[in-house]
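This report refers to the structure that appears directly beneath it.
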Amino acid sequence: MNDFYNRVYEFVKQVPRGKVTTYGAAARAAGAPRAARQVGRALHCNPEPGVIPCHRVVFKDGSLTSGFAFGGRDVQRAMLESEGVKFIEEYTVDMKNCEWEV
């Protein structure tokens, strides 16, 4: 595992229940602001599901990725809703109220 992945994992571990962050925010926090796609790759390889809450990472518009590695958008939505995250559309998080401000 490389340093970038580790920085992504450490950042994502900090996202509190009931909040989400974006791939871009994780990339910036990991020191590579143009590496949002690489954040997605890192989360797809999550070495500690349940410890690293990758389900709390969404696109900047609040939409869920159709390729959620651990069961798809329905599973990701259910996980987020169980933590109190609100949605404005079927697969779009209410970013105004649920985005974690770093």
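Scheme for the structure tokens: letters A, B, ... for chains in order shown; per-chain residue numbers from 1; ligand numbers from 1 in order shown.
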Exercise for the section: Taking the DSSP assignment computed from this structure's backbone, write out as a ChimeraX atom specification all residues of chain A that belong to helix (DSSP H, G or I). Expected result: /A:3-13,23-29,36-44,54-56,73-82,95-98
Given only C-alpha atoms, how would the per-residue table for range 45-101 of chain A near range 23-31 of chain A read, listing every residue at most 8 Å away with its closest atom pair and distance in Å to one decimal, sorted by chain and number, as a tab-separated table?
```
residue	atom	partner	partner_atom	distance
A:Val57	CA	A:Tyr23	CA	6.1
A:Val58	CA	A:Tyr23	CA	6.3
A:Phe59	CA	A:Tyr23	CA	6.2
A:Lys60	CA	A:Gly24	CA	7.2
```
Exercise for the section: Could you tell me which of A:Val8, A:Val20, A:Val102, A:Val51 comes closest to Ala35 in chain A if we count only C-alpha atoms? Expected result: A:Val8
Spatial neighbours of Arg56 in chain A, max dist 10 Å, only C-alpha atoms, sep filter under 2 positions, as a compact mmCIF listing (two decimals) with N, CA and C atoms, in the first residue's frame:
```txt
# COMPACT_ATOMS: atom_id res chain seq x y z
N VAL A 12 -10.46 9.50 5.69
CA VAL A 12 -11.82 8.94 5.65
C VAL A 12 -12.22 8.40 7.02
N LYS A 13 -11.28 7.90 7.79
CA LYS A 13 -11.58 7.41 9.15
C LYS A 13 -12.13 8.53 10.03
N VAL A 15 -14.23 10.96 9.10
CA VAL A 15 -15.57 11.43 8.72
C VAL A 15 -16.57 10.87 9.73
N PRO A 16 -17.28 11.74 10.43
CA PRO A 16 -18.19 11.27 11.48
C PRO A 16 -19.47 10.63 10.93
N ARG A 17 -20.07 9.79 11.74
CA ARG A 17 -21.38 9.20 11.40
C ARG A 17 -22.35 10.33 11.10
N GLY A 18 -23.20 10.12 10.12
CA GLY A 18 -24.19 11.12 9.77
C GLY A 18 -23.69 12.20 8.82
N LYS A 19 -22.43 12.09 8.41
CA LYS A 19 -21.82 13.06 7.50
C LYS A 19 -21.18 12.32 6.34
N VAL A 20 -20.95 13.06 5.26
CA VAL A 20 -20.24 12.52 4.11
C VAL A 20 -19.16 13.51 3.69
N THR A 21 -18.23 13.04 2.92
CA THR A 21 -17.23 13.88 2.29
C THR A 21 -17.16 13.50 0.82
N THR A 22 -16.35 14.19 0.07
CA THR A 22 -16.26 13.93 -1.36
C THR A 22 -14.91 13.33 -1.73
N TYR A 23 -14.86 12.72 -2.91
CA TYR A 23 -13.60 12.19 -3.42
C TYR A 23 -12.58 13.31 -3.54
N ILE A 52 -12.59 1.70 8.04
CA ILE A 52 -12.46 2.80 7.10
C ILE A 52 -13.82 2.95 6.41
N PRO A 53 -14.60 3.96 6.80
CA PRO A 53 -15.99 4.08 6.32
C PRO A 53 -16.09 4.65 4.91
N CYS A 54 -15.66 3.87 3.93
CA CYS A 54 -15.63 4.37 2.56
C CYS A 54 -17.03 4.69 2.03
N VAL A 58 -18.71 10.44 -1.32
CA VAL A 58 -19.63 10.57 -2.45
C VAL A 58 -19.07 11.58 -3.46
N LEU A 64 -24.24 9.10 -5.34
CA LEU A 64 -23.52 7.88 -4.97
C LEU A 64 -22.95 7.26 -6.24
N GLN A 76 -25.01 1.22 -0.17
CA GLN A 76 -24.40 2.46 0.33
C GLN A 76 -25.46 3.39 0.89
N ARG A 77 -26.57 3.54 0.19
CA ARG A 77 -27.64 4.40 0.68
C ARG A 77 -28.16 3.90 2.03
N MET A 79 -26.63 2.13 4.26
CA MET A 79 -25.61 2.37 5.30
C MET A 79 -25.64 3.83 5.74
N LEU A 80 -25.72 4.74 4.78
CA LEU A 80 -25.75 6.16 5.12
C LEU A 80 -27.02 6.54 5.86
N GLU A 83 -27.14 5.88 9.45
CA GLU A 83 -26.34 6.81 10.24
C GLU A 83 -26.98 8.19 10.31
N VAL A 85 -27.91 10.11 7.53
CA VAL A 85 -27.69 10.93 6.34
C VAL A 85 -29.00 11.05 5.57
N GLU A 99 -22.80 17.36 4.41
CA GLU A 99 -21.38 17.35 4.06
C GLU A 99 -20.54 17.71 5.28
N TRP A 100 -19.53 16.94 5.52
CA TRP A 100 -18.60 17.18 6.62
C TRP A 100 -17.69 18.33 6.25
```
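Every residue of range 59-101 of chain A found in strand (DSSP E or B) when DSSP is run on the backbone appears here: Ser63, Phe87, Ile88, Glu89, Thr92, Val93 and Glu99 of chain A.
Between Gln38 in chain A and the residues A:Asn2, A:Thr92, A:Ser82, A:Asn97, the shortest atom-to-atom distance, using only C-alpha atoms, involves A:Asn2.
Remark: for Gly62 in chain A, the closest of the candidate residues A:Arg34, A:Arg7, A:Arg41, A:Lys96 is A:Lys96 (distances computed over only C-alpha atoms).
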Exercise for the section: Could you give me, as a PyMOL selection string, the residues within 8 Å of Lys86 in chain A, counting only C-alpha atoms and dropping anything in the same chain fewer than 5 positions from it? Expected result: chain A and resi 81+93-94+97-98
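For the choices A:Asp3, A:Phe87, A:Asp61, A:Gly67, the atom-to-atom distance to His44 in chain A is smallest for A:Gly67 when using only C-alpha atoms.
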